[in-house]
>>> print(open('work.txt').read())   # compact mmCIF, C-alpha atoms and all ligand atoms
# COMPACT_ATOMS: atom_id res chain seq x y z
CA MET A 1 90.95 -119.75 -156.95
CA THR A 2 93.05 -121.30 -159.70
CA ILE A 3 92.77 -124.92 -160.70
CA THR A 4 94.68 -126.92 -163.24
CA PRO A 5 92.90 -130.17 -164.10
CA THR A 6 95.17 -133.08 -164.91
CA ARG A 7 92.78 -135.09 -167.11
CA GLU A 8 93.92 -135.77 -170.64
CA ILE A 9 91.83 -134.93 -173.71
CA GLU A 10 91.27 -137.19 -176.72
CA ASP A 11 94.53 -136.53 -178.55
CA ASP A 12 96.62 -137.19 -175.41
CA ARG A 13 97.81 -133.62 -175.03
CA PRO A 14 97.79 -132.52 -171.41
CA VAL A 15 94.71 -130.46 -170.59
CA PRO A 16 95.56 -126.75 -170.85
CA PRO A 17 95.22 -124.72 -167.67
CA CYS A 18 91.85 -123.29 -166.71
CA SER A 19 91.29 -120.93 -163.82
CA VAL A 20 88.10 -119.89 -162.04
CA HIS A 21 87.91 -116.77 -159.89
CA HIS A 22 85.42 -115.58 -157.33
CA ASP A 23 85.19 -111.84 -157.94
CA ASP A 24 83.22 -109.03 -159.49
CA CYS A 25 84.40 -109.28 -163.08
CA LEU A 26 85.04 -105.53 -163.23
CA SER A 27 87.80 -105.62 -160.62
CA PHE A 28 89.14 -108.87 -162.06
CA LEU A 29 89.28 -107.45 -165.60
CA ARG A 30 91.07 -104.34 -164.33
CA GLY A 31 93.84 -106.61 -163.05
CA MET A 32 94.36 -108.33 -166.41
CA ALA A 33 97.04 -107.37 -168.93
CA ALA A 34 95.92 -105.49 -172.04
CA GLY A 35 95.74 -107.58 -175.23
CA SER A 36 96.10 -110.89 -173.37
CA VAL A 37 92.86 -112.69 -174.41
CA ALA A 38 91.83 -114.22 -177.76
CA LEU A 39 88.11 -114.47 -177.09
CA VAL A 40 85.74 -112.95 -174.54
CA TYR A 41 82.34 -114.58 -174.20
CA LEU A 42 79.93 -112.65 -171.97
CA ASP A 43 76.61 -114.05 -170.78
CA PRO A 44 75.66 -111.45 -168.15
CA PRO A 45 72.27 -111.08 -166.46
CA PHE A 46 69.83 -110.20 -169.28
CA PHE A 47 67.91 -107.34 -167.58
CA THR A 48 64.99 -109.66 -166.82
CA ARG A 49 64.46 -107.77 -163.53
CA ARG A 50 64.07 -110.90 -161.46
CA VAL A 51 66.06 -113.37 -159.37
CA HIS A 52 66.85 -116.58 -161.27
CA ARG A 53 66.67 -119.76 -159.19
CA LEU A 54 66.99 -123.43 -160.02
CA HIS A 55 67.99 -126.63 -158.31
CA THR A 56 69.79 -129.82 -159.19
CA ARG A 57 67.73 -132.81 -160.39
CA ASP A 58 68.11 -134.54 -157.00
CA ARG A 59 67.14 -131.22 -155.30
CA THR A 60 70.12 -131.38 -152.94
CA MET A 61 71.48 -128.05 -154.18
CA SER A 62 69.88 -124.86 -155.43
CA TYR A 63 71.51 -121.99 -157.30
CA SER A 64 70.44 -118.42 -157.89
CA PHE A 65 71.63 -115.11 -159.26
CA ASP A 66 70.23 -111.66 -159.14
CA ASP A 67 69.06 -109.74 -162.25
CA VAL A 68 67.16 -106.92 -160.52
CA TRP A 69 67.90 -103.30 -161.54
CA GLU A 70 66.60 -99.87 -160.62
CA SER A 71 66.50 -98.81 -164.25
CA GLN A 72 67.78 -99.52 -167.74
CA GLU A 73 70.33 -96.71 -167.21
CA GLU A 74 71.76 -98.50 -164.19
CA TYR A 75 72.02 -101.74 -166.21
CA ALA A 76 73.65 -99.94 -169.16
CA ALA A 77 76.23 -98.31 -166.88
CA PHE A 78 77.03 -101.72 -165.35
CA LEU A 79 77.59 -103.21 -168.81
CA ARG A 80 79.51 -100.32 -170.23
CA GLU A 81 82.37 -100.30 -167.75
CA ARG A 82 82.76 -104.08 -168.09
CA LEU A 83 82.66 -103.95 -171.89
CA GLU A 84 85.36 -101.26 -171.89
CA GLU A 85 87.60 -103.52 -169.83
CA ALA A 86 86.79 -106.54 -171.98
CA HIS A 87 87.80 -104.51 -175.03
CA ARG A 88 91.09 -103.52 -173.38
CA VAL A 89 92.10 -107.10 -172.52
CA LEU A 90 91.33 -108.43 -176.04
CA ALA A 91 94.23 -109.15 -178.39
CA GLU A 92 94.38 -107.10 -181.59
CA ASN A 93 93.03 -110.09 -183.58
CA GLY A 94 90.59 -111.11 -180.81
CA SER A 95 86.79 -111.40 -180.76
CA LEU A 96 83.96 -110.78 -178.33
CA PHE A 97 80.61 -112.60 -178.25
CA PHE A 98 77.91 -110.94 -176.16
CA HIS A 99 74.93 -113.12 -175.26
CA CYS A 100 71.57 -111.45 -174.52
CA ASP A 101 67.88 -111.72 -175.27
CA ARG A 102 65.03 -109.41 -176.22
CA ASN A 103 65.13 -107.67 -172.82
CA ALA A 104 68.38 -105.82 -173.39
CA GLY A 105 69.55 -106.59 -176.92
CA HIS A 106 68.99 -102.99 -177.98
CA VAL A 107 70.97 -101.65 -174.99
CA ALA A 108 73.89 -104.01 -175.60
CA ARG A 109 74.10 -103.37 -179.34
CA GLY A 110 74.31 -99.59 -178.81
CA LEU A 111 77.01 -99.95 -176.17
CA LEU A 112 79.02 -102.42 -178.24
CA ASP A 113 78.98 -100.05 -181.22
CA VAL A 114 80.35 -97.32 -178.99
CA VAL A 115 83.02 -99.43 -177.28
CA PHE A 116 84.17 -101.51 -180.29
CA GLY A 117 83.23 -99.18 -183.14
CA ALA A 118 80.39 -100.02 -185.54
CA ALA A 119 82.98 -101.04 -188.16
CA ASN A 120 84.00 -103.94 -185.94
CA PHE A 121 80.52 -105.39 -185.75
CA ARG A 122 80.62 -108.82 -187.45
CA SER A 123 77.32 -110.62 -186.88
CA GLU A 124 74.10 -110.75 -184.98
CA ILE A 125 73.76 -114.47 -184.26
CA ILE A 126 70.28 -115.78 -183.57
CA TRP A 127 70.40 -118.85 -181.37
CA HIS A 128 67.09 -120.52 -182.17
CA TYR A 129 65.57 -123.40 -180.22
CA ARG A 130 62.19 -125.10 -179.90
CA ARG A 131 60.01 -124.56 -176.86
CA TRP A 132 56.64 -125.69 -175.68
CA SER A 133 54.14 -123.32 -174.18
CA SER A 134 50.40 -123.21 -173.91
CA GLY A 135 50.27 -119.40 -173.61
CA SER A 136 49.05 -117.59 -176.71
CA SER A 137 48.76 -113.95 -175.68
CA SER A 138 51.99 -113.07 -177.55
CA LEU A 139 54.54 -114.68 -179.84
CA LEU A 140 56.50 -117.47 -178.16
CA PRO A 141 60.10 -116.33 -177.52
CA ALA A 142 62.28 -119.01 -179.18
CA HIS A 143 65.64 -117.35 -179.67
CA GLN A 144 68.44 -115.48 -177.95
CA THR A 145 70.89 -113.10 -179.60
CA ILE A 146 74.68 -113.20 -179.60
CA TYR A 147 76.47 -110.08 -180.84
CA TYR A 148 79.83 -110.78 -182.43
CA TYR A 149 82.42 -107.98 -182.55
CA THR A 150 86.14 -108.05 -183.21
CA ARG A 151 88.84 -105.85 -181.79
CA SER A 152 90.03 -104.85 -185.30
CA GLY A 153 89.49 -105.65 -188.97
CA SER A 154 92.07 -108.45 -188.80
CA PHE A 155 90.81 -111.34 -186.69
CA VAL A 156 90.93 -115.11 -186.23
CA PHE A 157 88.04 -116.77 -188.04
CA HIS A 158 87.65 -120.42 -188.99
CA PRO A 159 84.76 -120.81 -191.41
CA VAL A 160 82.28 -123.62 -190.87
CA TRP A 161 80.54 -125.19 -193.86
CA GLY A 162 77.11 -126.75 -193.94
CA GLU A 163 75.12 -128.91 -196.33
CA TYR A 164 73.70 -127.48 -199.55
CA SER A 165 69.96 -126.98 -199.59
CA PRO A 166 68.06 -129.74 -201.42
CA ALA A 167 66.86 -126.97 -203.77
CA THR A 168 70.42 -126.21 -204.97
CA ASN A 169 70.70 -127.18 -208.63
CA VAL A 170 73.66 -128.99 -210.14
CA ASP A 171 74.84 -125.94 -212.14
CA GLN A 172 75.08 -123.90 -208.95
CA LEU A 173 77.28 -126.63 -207.49
CA LEU A 174 79.56 -127.14 -210.47
CA GLN A 175 79.95 -123.76 -212.13
CA ARG A 176 81.79 -120.70 -210.91
CA ARG A 177 79.72 -117.54 -210.54
CA GLU A 178 80.46 -113.81 -210.72
CA ARG A 179 78.57 -110.51 -210.62
CA ASP A 180 77.68 -108.85 -213.92
CA ALA A 181 77.60 -105.10 -214.55
CA PHE A 182 74.21 -104.92 -212.80
CA GLN A 183 75.47 -106.86 -209.74
CA LYS A 184 73.45 -109.88 -210.78
CA ALA A 185 75.01 -113.30 -210.06
CA VAL A 186 75.78 -115.04 -213.37
CA TYR A 187 77.82 -118.10 -214.38
CA GLN A 188 81.39 -117.17 -215.28
CA ARG A 189 82.42 -118.21 -218.82
CA ASP A 190 85.75 -118.62 -220.61
CA ARG A 191 86.60 -116.90 -223.90
CA SER A 192 84.73 -119.48 -225.92
CA GLY A 193 81.62 -119.05 -223.77
CA ARG A 194 81.95 -122.30 -221.81
CA PRO A 195 81.06 -122.18 -218.10
CA ILE A 196 84.10 -122.34 -215.81
CA PRO A 197 84.07 -125.20 -213.27
CA SER A 198 83.92 -124.02 -209.70
CA GLY A 199 86.56 -126.37 -208.28
CA ASP A 200 86.22 -127.72 -204.73
CA LYS A 201 82.88 -127.02 -203.08
CA PRO A 202 83.15 -127.14 -199.31
CA GLY A 203 79.43 -126.50 -198.77
CA VAL A 204 77.41 -123.47 -197.69
CA PRO A 205 78.97 -121.10 -195.13
CA LEU A 206 77.37 -121.33 -191.70
CA SER A 207 74.62 -118.73 -191.40
CA ASP A 208 73.94 -116.41 -188.48
CA VAL A 209 70.87 -118.42 -187.41
CA TRP A 210 71.94 -121.34 -185.26
CA ASP A 211 69.41 -124.06 -184.58
CA ILE A 212 70.82 -125.66 -181.43
CA PRO A 213 68.52 -127.36 -178.91
CA TYR A 214 68.14 -125.85 -175.46
CA LEU A 215 69.38 -128.18 -172.72
CA ASN A 216 66.62 -130.65 -172.00
CA PRO A 217 65.82 -131.46 -168.37
CA LYS A 218 67.54 -134.85 -168.63
CA ALA A 219 70.68 -133.72 -170.51
CA ARG A 220 73.80 -135.25 -168.97
CA GLU A 221 75.58 -131.89 -168.85
CA ARG A 222 72.72 -130.16 -167.04
CA THR A 223 73.89 -128.92 -163.65
CA GLY A 224 70.82 -127.21 -162.23
CA TYR A 225 72.37 -123.74 -162.67
CA PRO A 226 69.79 -121.23 -163.93
CA THR A 227 70.26 -120.11 -167.56
CA GLN A 228 73.01 -122.68 -168.18
CA LYS A 229 73.94 -122.69 -171.88
CA PRO A 230 74.67 -125.83 -173.94
CA VAL A 231 78.33 -126.80 -174.39
CA VAL A 232 77.82 -127.28 -178.16
CA LEU A 233 76.82 -123.63 -178.50
CA LEU A 234 80.03 -122.50 -176.81
CA GLU A 235 82.10 -124.99 -178.79
CA ARG A 236 80.81 -123.45 -181.99
CA ILE A 237 81.76 -119.93 -180.87
CA ILE A 238 85.19 -120.94 -179.59
CA GLY A 239 85.91 -123.07 -182.68
CA LEU A 240 85.01 -120.16 -184.98
CA ALA A 241 87.13 -117.47 -183.35
CA THR A 242 90.15 -119.09 -181.67
CA ASN A 243 93.11 -121.36 -182.34
CA PRO A 244 94.11 -124.33 -180.15
CA GLY A 245 95.96 -123.10 -177.06
CA ASP A 246 94.36 -119.61 -177.20
CA LEU A 247 92.99 -118.00 -174.05
CA VAL A 248 89.20 -117.71 -173.64
CA LEU A 249 87.72 -115.44 -170.96
CA ASP A 250 84.18 -115.66 -169.52
CA PRO A 251 83.65 -112.82 -167.00
CA PHE A 252 80.13 -114.07 -166.06
CA CYS A 253 80.91 -117.79 -166.12
CA GLY A 254 77.95 -119.13 -164.07
CA SER A 255 78.16 -122.92 -164.22
CA GLY A 256 81.30 -122.66 -166.39
CA THR A 257 79.95 -123.78 -169.78
CA ALA A 258 82.42 -121.68 -171.78
CA LEU A 259 85.33 -123.08 -169.77
CA VAL A 260 84.16 -126.67 -170.28
CA ALA A 261 83.85 -126.05 -174.04
CA ALA A 262 87.30 -124.42 -174.15
CA LEU A 263 88.79 -127.36 -172.28
CA LEU A 264 87.17 -129.88 -174.63
CA LEU A 265 88.59 -127.97 -177.62
CA GLY A 266 92.12 -127.65 -176.22
CA ARG A 267 91.98 -123.93 -175.40
CA ARG A 268 92.99 -122.24 -172.13
CA ALA A 269 90.24 -120.50 -170.18
CA ILE A 270 89.60 -118.05 -167.36
CA GLY A 271 86.20 -117.80 -165.68
CA VAL A 272 84.96 -115.21 -163.19
CA ASP A 273 81.74 -115.13 -161.21
CA ARG A 274 80.63 -113.20 -158.17
CA SER A 275 78.72 -116.23 -156.84
CA PRO A 276 80.87 -118.64 -154.80
CA ALA A 277 78.44 -121.49 -155.66
CA ALA A 278 78.96 -120.84 -159.39
CA VAL A 279 82.74 -120.92 -158.95
CA GLU A 280 82.54 -124.18 -157.04
CA LEU A 281 80.26 -125.71 -159.68
CA THR A 282 82.57 -124.61 -162.51
CA ARG A 283 85.49 -126.19 -160.70
CA LYS A 284 83.57 -129.49 -160.46
CA ARG A 285 82.59 -129.43 -164.15
CA LEU A 286 86.18 -128.79 -165.21
CA ALA A 287 87.32 -131.82 -163.27
CA ASP A 288 84.89 -133.96 -165.27
CA PRO A 289 83.93 -132.11 -168.46
CA ILE A 290 80.79 -133.51 -170.08
CA ARG A 291 79.14 -132.64 -173.37
CA SER A 292 75.67 -134.17 -173.89
CA ARG A 293 75.09 -135.71 -177.28
CA SER A 294 72.32 -134.06 -179.24
CA ARG A 295 70.32 -136.33 -181.52
CA VAL A 296 68.82 -133.26 -183.20
CA LEU A 297 72.29 -131.97 -184.13
CA GLU A 298 73.74 -135.33 -185.07
CA ARG A 299 70.84 -136.75 -187.07
CA GLY A 300 68.59 -133.75 -187.65
CA ARG A 301 65.13 -132.90 -186.41
CA GLU A 302 63.62 -135.21 -189.03
CA SER A 303 64.97 -138.21 -187.09
CA TYR A 304 62.19 -137.63 -184.56
CA ARG A 305 59.56 -138.22 -187.23
CA THR A 306 58.77 -141.76 -186.25
CA ALA A 307 55.10 -141.72 -187.19
CA ASP A 308 54.63 -143.98 -190.19
CA ALA A 309 54.30 -141.88 -193.37
CA GLU A 310 51.91 -144.36 -195.02
CA SER A 311 49.71 -144.42 -191.94
CA LEU A 312 49.62 -140.63 -191.80
CA ALA A 313 48.66 -140.54 -195.48
CA LEU A 314 45.47 -142.42 -194.56
CA LEU A 315 44.57 -139.58 -192.20
CA THR A 316 44.85 -136.86 -194.85
CA GLY A 317 41.94 -134.46 -194.61
CA LEU A 318 41.48 -134.92 -190.87
CA ASP A 319 42.31 -131.86 -188.79
CA CYS A 320 44.86 -133.59 -186.57
CA VAL A 321 48.41 -133.31 -185.23
CA PRO A 322 50.79 -136.18 -186.10
CA VAL A 323 52.30 -137.81 -183.01
CA HIS A 324 55.92 -138.94 -183.13
CA ARG A 325 57.85 -141.08 -180.65
CA ASN A 326 54.74 -142.97 -179.52
CA ALA A 327 54.06 -146.62 -180.31
CA GLY A 328 50.31 -146.45 -179.71
CA VAL A 329 49.08 -143.26 -181.36
CA ASP A 330 49.68 -141.82 -184.85
CA ALA A 331 47.78 -138.56 -184.49
CA ILE A 332 45.56 -136.55 -182.15
CA LEU A 333 42.50 -134.74 -183.45
CA LYS A 334 42.68 -130.98 -182.93
CA GLN A 335 39.06 -131.12 -181.79
CA GLU A 336 38.39 -132.58 -178.33
CA PHE A 337 35.56 -134.89 -177.35
CA ASP A 338 33.90 -134.28 -173.98
CA ASP A 339 36.97 -132.28 -172.81
CA SER A 340 39.27 -135.18 -173.62
CA PRO A 341 41.80 -135.80 -176.41
CA VAL A 342 40.89 -137.96 -179.41
CA PRO A 343 43.80 -140.22 -180.42
CA ILE A 344 43.93 -142.10 -183.72
CA ARG A 345 45.98 -145.11 -184.72
CA VAL A 346 46.36 -146.91 -188.02
CA GLN A 347 46.67 -150.68 -187.86
CA ARG A 348 50.12 -151.82 -189.11
CA ALA A 349 50.82 -154.73 -191.48
CA GLY A 350 51.06 -157.98 -189.54
CA GLU A 351 49.26 -156.56 -186.50
CA THR A 352 45.86 -157.97 -185.50
CA VAL A 353 42.98 -155.61 -184.87
CA ALA A 354 42.99 -156.65 -181.23
CA GLU A 355 46.72 -155.89 -180.86
CA ALA A 356 46.36 -152.50 -182.55
CA ALA A 357 43.32 -151.65 -180.41
CA ALA A 358 45.15 -152.64 -177.23
CA LYS A 359 48.15 -150.43 -178.12
CA LEU A 360 45.86 -147.50 -178.86
CA HIS A 361 44.00 -148.01 -175.60
CA ARG A 362 47.23 -148.33 -173.59
CA ALA A 363 48.45 -145.01 -175.03
CA GLY A 364 45.19 -143.09 -175.01
CA GLY A 365 43.55 -144.41 -171.84
CA PRO A 366 46.04 -142.86 -169.38
CA LYS A 367 45.66 -139.51 -171.23
CA GLY A 368 41.96 -139.51 -170.36
CA ALA A 369 40.78 -140.22 -173.93
CA LYS A 370 37.10 -141.21 -174.09
CA ARG A 371 36.93 -141.76 -177.88
CA MET A 372 39.84 -143.45 -179.71
CA PHE A 373 39.76 -144.35 -183.38
CA LEU A 374 41.51 -147.29 -184.96
CA VAL A 375 41.79 -147.33 -188.76
CA VAL A 376 41.78 -150.96 -189.84
CA GLN A 377 43.73 -152.06 -192.92
CA GLU A 378 43.62 -155.84 -192.37
CA PRO A 379 40.38 -157.02 -190.77
CA ASP A 380 40.77 -160.43 -189.14
CA ALA A 381 38.92 -162.98 -187.06
CA THR A 382 39.57 -160.97 -183.92
CA ALA A 383 37.91 -157.90 -185.39
CA ALA A 384 35.32 -155.77 -183.68
CA GLU A 385 32.47 -158.00 -184.75
CA THR A 386 33.84 -161.05 -182.92
CA ARG A 387 35.65 -159.66 -179.91
CA PRO A 388 34.81 -156.66 -177.67
CA LEU A 389 37.24 -153.76 -178.11
CA PRO A 390 38.75 -151.90 -175.17
CA ALA A 391 36.45 -149.20 -173.79
CA GLY A 392 36.34 -146.09 -175.94
CA VAL A 393 38.04 -147.65 -179.01
CA PHE A 394 36.08 -147.38 -182.26
CA VAL A 395 37.09 -149.16 -185.46
CA ILE A 396 36.91 -147.52 -188.90
CA ASP A 397 37.72 -149.25 -192.16
CA ALA A 398 40.55 -147.87 -194.28
CA PRO A 399 39.23 -146.92 -197.77
CA ALA A 400 40.66 -150.11 -199.34
CA VAL A 401 38.92 -152.28 -196.73
CA ALA A 402 35.65 -150.35 -197.07
CA ILE A 403 35.67 -150.71 -200.87
CA ARG A 404 36.49 -154.45 -200.71
CA ARG A 405 33.71 -154.94 -198.20
CA LEU A 406 31.19 -153.02 -200.31
CA LEU A 407 32.09 -154.99 -203.44
CA ARG A 408 31.78 -158.28 -201.57
CA ASP A 409 28.44 -157.32 -200.06
CA ASP A 410 27.06 -155.77 -203.27
CA PRO A 411 23.60 -157.37 -203.80
CA ASP A 412 24.04 -156.98 -207.58
CA ASP A 413 27.28 -158.95 -207.46
CA SER A 414 25.94 -162.52 -207.83
C1 LIG A 501 73.43 -115.76 -167.24
S1 LIG A 501 74.43 -116.35 -165.96
C2 LIG A 501 75.73 -117.17 -166.80
C3 LIG A 501 75.39 -118.58 -167.20
C4 LIG A 501 76.53 -119.31 -167.84
N1 LIG A 501 76.82 -118.82 -169.17
C5 LIG A 501 76.25 -120.80 -167.88
O1 LIG A 501 76.22 -121.42 -168.99
O2 LIG A 501 76.06 -121.39 -166.83
C6 LIG A 501 75.12 -114.86 -165.37
C7 LIG A 501 76.14 -115.02 -164.28
O3 LIG A 501 76.75 -113.77 -164.05
C8 LIG A 501 77.10 -113.70 -162.68
N2 LIG A 501 77.36 -112.27 -162.34
C9 LIG A 501 76.45 -111.27 -162.26
N3 LIG A 501 77.08 -110.11 -162.01
C10 LIG A 501 78.41 -110.37 -161.97
C11 LIG A 501 79.57 -109.57 -161.78
N4 LIG A 501 79.49 -108.25 -161.59
N5 LIG A 501 80.78 -110.19 -161.82
C12 LIG A 501 80.87 -111.52 -162.02
N6 LIG A 501 79.80 -112.32 -162.20
C13 LIG A 501 78.59 -111.75 -162.18
C14 LIG A 501 75.93 -114.35 -161.97
O4 LIG A 501 76.31 -114.82 -160.68
C15 LIG A 501 75.60 -115.49 -162.94
O5 LIG A 501 76.25 -116.67 -162.56
>>> encode(input="work.txt", output="structure tokens")
Amino acid sequence: MTITPTREIEDDRPVPPCSVHHDDCLSFLRGMAAGSVALVYLDPPFFTRRVHRLHTRDRTMSYSFDDVWESQEEYAAFLRERLEEAHRVLAENGSLFFHCDRNAGHVARGLLDVVFGAANFRSEIIWHYRRWSSGSSSLLPAHQTIYYYTRSGSFVFHPVWGEYSPATNVDQLLQRRERDAFQKAVYQRDRSGRPIPSGDKPGVPLSDVWDIPYLNPKARERTGYPTQKPVVLLERIIGLATNPGDLVLDPFCGSGTALVAALLLGRRAIGVDRSPAAVELTRKRLADPIRSRSRVLERGRESYRTADAESLALLTGLDCVPVHRNAGVDAILKQEFDDSPVPIRVQRAGETVAEAAAKLHRAGGPKGAKRMFLVVQEPDATAAETRPLPAGVFVIDAPAVAIRRLLRDDPDDS
């Protein structure tokens, strides 16, 4: 199947052609001309030895693909013949990105060294993301690996620059550096011993650890296809290793993420998948390419820290976890009470004790909390003494309130 969407992208250029093919990628690759592709991105089954299934949010459609193998040898043989073909179709200045995880990373790396030559290994990219899990019997897997190889030593590469670390000092920013006789980095100086200015500073080169959020269940681009990758991840890869108009190939395209990213960046793309449902889904996504916005990427993870810093400072010394993105609770004690969580809130300026207690109760009650603590900074006429608090809410004075109270009530203070 070949489709050519007619939508226009932002700069009014006609959308470049994208094609999606229902086939085993091995036979498809064998039919492609040598040296015809700028970038191959492969996200094959990861040797998880199970069938992956998922459904759309409205549950009207479910997708699956098979990742069951007799042995690691069978899996390695499957990969090897496809990698050899991928290598053949790559242009002399082309690149290949191979996506895998801890199940078969070691198998893939060995094969890639053989097929591409160890000298053409460029990077081991760690795609890192946050996950939640209550299991604690082993370390929580929170990354996947992308091996980056090039066809030769001369390849397309567009560097990406990031922000300097806050720890970078001004001399590092402004002065040129060189290696001394002992290979130590030192500031370069002119004949009279003055440091030489470094000139333009674009930033720090992108590292090989990429902190990109996994697609959340409500992401607009989420299709319900199992193991779907985020468009921003593919945009980064395609932007690094191709020029506008170049041809990108994804032989295991699944829901078509690489093709969507290529389309959004003005590249041409070919996708192949042996599942007819995947091909159909890719076709739909190409007709309406969507990239979800990521607040974490745009504004940083710190933007989620909504808990009030001053309020948290009052809780210093308590063994608790700060709670962000919640209007009623500032922290939860690590210790439980009667098998239930113990939420804590600090009263805000301008808020009555009753209002603060009600917010805490509204947030903690539905979570089954039996003891909730409100730290009071501005006692008022509606305080605990004069009005009953919601069930389970206990009031504690902030240190400033406690001290004022003690001074006022001091019997020696006449
Ligand atoms: C990990 S998924 C790809 C997910 C994709 N990157 C995405 O973002 O949606 C692997 C895909 O490879 C496909 N596949 C497995 N063996 C294949 C083969 N021999 N030829 C073509 N596709 C194959 C599966 O049907 C599945 O869709």
>>> atom_distance(input="work.txt", atom1="atom CA of Pro341 of chain A", atom2="atom CA of Ala369 of chain A")
5.2 Å
>>> atom_distance(input="work.txt", atom1="atom CA of Ala313 of chain A", atom2="atom CA of Pro343 of chain A")
15.8 Å
>>> closest_residue(input="work.txt", among="A:Leu90, A:Val204, A:Cys253, A:Ile344", to="ligand LIG 501 (chain A)", atoms="only C-alpha atoms and all ligand atoms")
A:Cys253
>>> atom_distance(input="work.txt", atom1="atom CA of Ala357 of chain A", atom2="atom CA of Cys320 of chain A")
19.1 Å
>>> residues_near_point(input="work.txt", point="(97.0, -123.4, -175.2)", cutoff="7 Å", atoms="all atoms listed in the file", output="list in words")
Pro16, Pro244, Gly245, Asp246, Leu247, Gly266, Arg267 and Arg268 of chain A
>>> residues_near_ligand(input="work.txt", ligand="ligand LIG 501 (chain A)", cutoff="7 Å", atoms="only C-alpha atoms and all ligand atoms", output="MDAnalysis selection string")
chainID A and resid 23:26 43:46 65:66 225:230 251:258 272:275 278
>>> closest_residue(input="work.txt", among="A:His143, A:Leu29, A:Glu85, A:Arg222", to="Leu54 of chain A", atoms="only C-alpha atoms")
A:Arg222
>>> axis_aligned_box(input="work.txt", around="segment 346-350 of chain A", padding_each_side="8 Å", output="JSON")
{"center_x": 48.7, "center_y": -152.4, "center_z": -189.7, "size_x": 20.7, "size_y": 27.1, "size_z": 19.6}
